[in-house]
>>> print(open('model.tsv').read())   # TSV, C-alpha atoms
chain	number	residue	atom	x	y	z
A	868	GLN	CA	18.39	14.80	10.95
A	869	ALA	CA	17.09	11.41	12.18
A	870	THR	CA	13.48	12.35	11.39
A	871	GLU	CA	14.49	13.52	7.94
A	872	GLN	CA	16.25	10.19	7.27
A	873	ALA	CA	13.23	8.26	8.55
A	874	THR	CA	10.93	10.29	6.28
A	875	GLU	CA	13.20	9.72	3.26
A	876	GLN	CA	13.29	5.98	4.01
A	877	ALA	CA	9.49	5.89	4.35
A	878	ASP	CA	9.13	7.73	1.02
A	879	GLU	CA	11.44	5.21	-0.67
A	880	ASP	CA	9.46	2.33	0.84
A	881	ILE	CA	6.19	3.83	-0.46
A	882	ILE	CA	7.69	4.28	-3.95
A	883	LYS	CA	8.80	0.62	-3.90
A	884	LEU	CA	5.34	-0.44	-2.73
A	885	LEU	CA	3.63	1.53	-5.52
A	886	GLU	CA	6.01	-0.08	-8.04
A	887	PHE	CA	5.17	-3.52	-6.56
A	888	CYS	CA	1.46	-2.73	-6.96
A	889	LYS	CA	1.58	-2.12	-10.71
A	890	ILE	CA	0.19	-5.66	-10.69
A	891	PRO	CA	-2.93	-5.77	-8.44
A	892	ARG	CA	-1.96	-7.07	-4.99
A	893	SER	CA	-3.87	-8.09	-1.88
A	894	ARG	CA	-3.35	-6.31	1.43
A	895	SER	CA	-1.51	-9.34	2.79
A	896	GLU	CA	0.85	-9.42	-0.21
A	897	MET	CA	1.59	-5.73	0.30
A	898	GLN	CA	2.22	-6.22	4.03
A	899	GLU	CA	4.52	-9.14	3.35
A	900	PHE	CA	6.39	-7.10	0.72
A	901	MET	CA	6.95	-4.32	3.28
A	902	ASN	CA	7.72	-6.84	6.04
A	903	LEU	CA	4.95	-5.49	8.28
A	904	SER	CA	2.93	-7.87	10.41
A	905	HIS	CA	0.36	-5.61	12.11
A	906	ARG	CA	-2.69	-5.46	9.82
A	907	GLU	CA	-4.50	-2.54	11.49
A	908	ASN	CA	-1.33	-0.42	11.63
A	909	PHE	CA	-0.65	-1.09	7.94
A	910	ARG	CA	-4.24	-0.26	6.98
A	911	VAL	CA	-4.45	2.98	8.98
A	912	ASN	CA	-0.95	4.37	8.34
A	913	ILE	CA	-0.12	3.20	4.83
A	914	LEU	CA	-3.01	1.72	2.88
A	915	ASN	CA	-5.80	4.22	3.63
A	916	PRO	CA	-3.64	7.34	3.07
A	917	LEU	CA	-2.45	5.95	-0.30
A	918	ILE	CA	-6.04	5.26	-1.35
A	919	LYS	CA	-7.27	8.68	-0.18
A	920	GLY	CA	-4.33	10.32	-1.95
A	921	GLY	CA	-5.27	8.57	-5.18
A	922	LEU	CA	-1.99	6.66	-5.40
A	923	LEU	CA	-3.65	3.27	-4.96
A	924	LYS	CA	-6.86	2.14	-6.64
A	925	LEU	CA	-9.21	-0.69	-5.68
A	926	THR	CA	-10.03	-3.55	-8.05
A	927	VAL	CA	-13.52	-3.83	-6.48
A	928	PRO	CA	-14.29	-0.14	-5.72
A	929	ASP	CA	-17.96	-0.73	-4.85
A	930	LYS	CA	-16.97	-3.27	-2.14
A	931	PRO	CA	-13.95	-1.83	-0.29
A	932	THR	CA	-13.99	-4.58	2.37
A	933	SER	CA	-14.36	-7.50	-0.06
A	934	PRO	CA	-12.07	-10.44	0.74
A	935	LYS	CA	-11.24	-10.49	-2.99
A	936	GLN	CA	-10.13	-6.83	-2.88
A	937	LYS	CA	-6.81	-6.02	-4.48
A	938	TYR	CA	-5.02	-2.72	-4.83
A	939	TYR	CA	-3.02	-1.33	-7.72
A	940	SER	CA	-1.08	1.75	-8.70
A	941	GLU	CA	-1.55	3.17	-12.15
A	942	ASN	CA	1.44	3.28	-14.44
A	943	ARG	CA	2.63	6.83	-14.84
>>> encode(input="model.tsv", output="structure tokens")
Amino acid sequence: QATEQATEQADEDIIKLLEFCKIPRSRSEMQEFMNLSHRENFRVNILNPLIKGGLLKLTVPDKPTSPKQKYYSENR
């Protein structure tokens, strides 16, 4: 039960994040929006899976580590 609730909450948070990213956002803006302070944890557990899953796109796809990189979700 608790795990199910945690998963549902995580799903809702991801949906809110994708909605927030309809306008291209930086990693730091996304972290602040989700109230997460640990950069590596955010990158590994949230950002990279969303990019690999095709839910987030990069504004500078040929330079994934660019300091000017922003991420966006496509309007569905």
>>> closest_residue(input="model.tsv", among="A:Lys889, A:Lys883, A:Lys930, A:Arg894", to="A:Arg910", atoms="only C-alpha atoms")
A:Arg894
>>> closest_residue(input="model.tsv", among="A:Ser893, A:Asn902, A:Asn908, A:Thr874", to="A:Lys935", atoms="all atoms listed in the file")
A:Ser893
>>> atom_distance(input="model.tsv", atom1="atom CA of A:Tyr938", atom2="atom CA of A:Leu923")
6.1 Å
>>> atom_distance(input="model.tsv", atom1="atom CA of A:Gln876", atom2="atom CA of A:Phe909")
16.1 Å
>>> closest_residue(input="model.tsv", among="A:Lys919, A:Asp878, A:Cys888, A:Ser904", to="A:Lys937", atoms="all atoms listed in the file")
A:Cys888
>>> atom_distance(input="model.tsv", atom1="atom CA of A:Asp880", atom2="atom CA of A:Leu917")
12.5 Å
>>> closest_residue(input="model.tsv", among="A:Ser895, A:Ala869, A:Ile890, A:Leu885", to="A:Pro934", atoms="only C-alpha atoms")
A:Ser895
>>> axis_aligned_box(input="model.tsv", around="stretch 919-937 of chain A", padding_each_side="6 Å", output="lines of an AutoDock Vina configuration file")
center_x = -10.0
center_y = -0.1
center_z = -2.8
size_x = 28.0
size_y = 32.8
size_z = 22.4
>>> closest_residue(input="model.tsv", among="A:Pro891, A:Gln898, A:Asn912, A:Ala877", to="A:Lys924", atoms="only C-alpha atoms")
A:Pro891
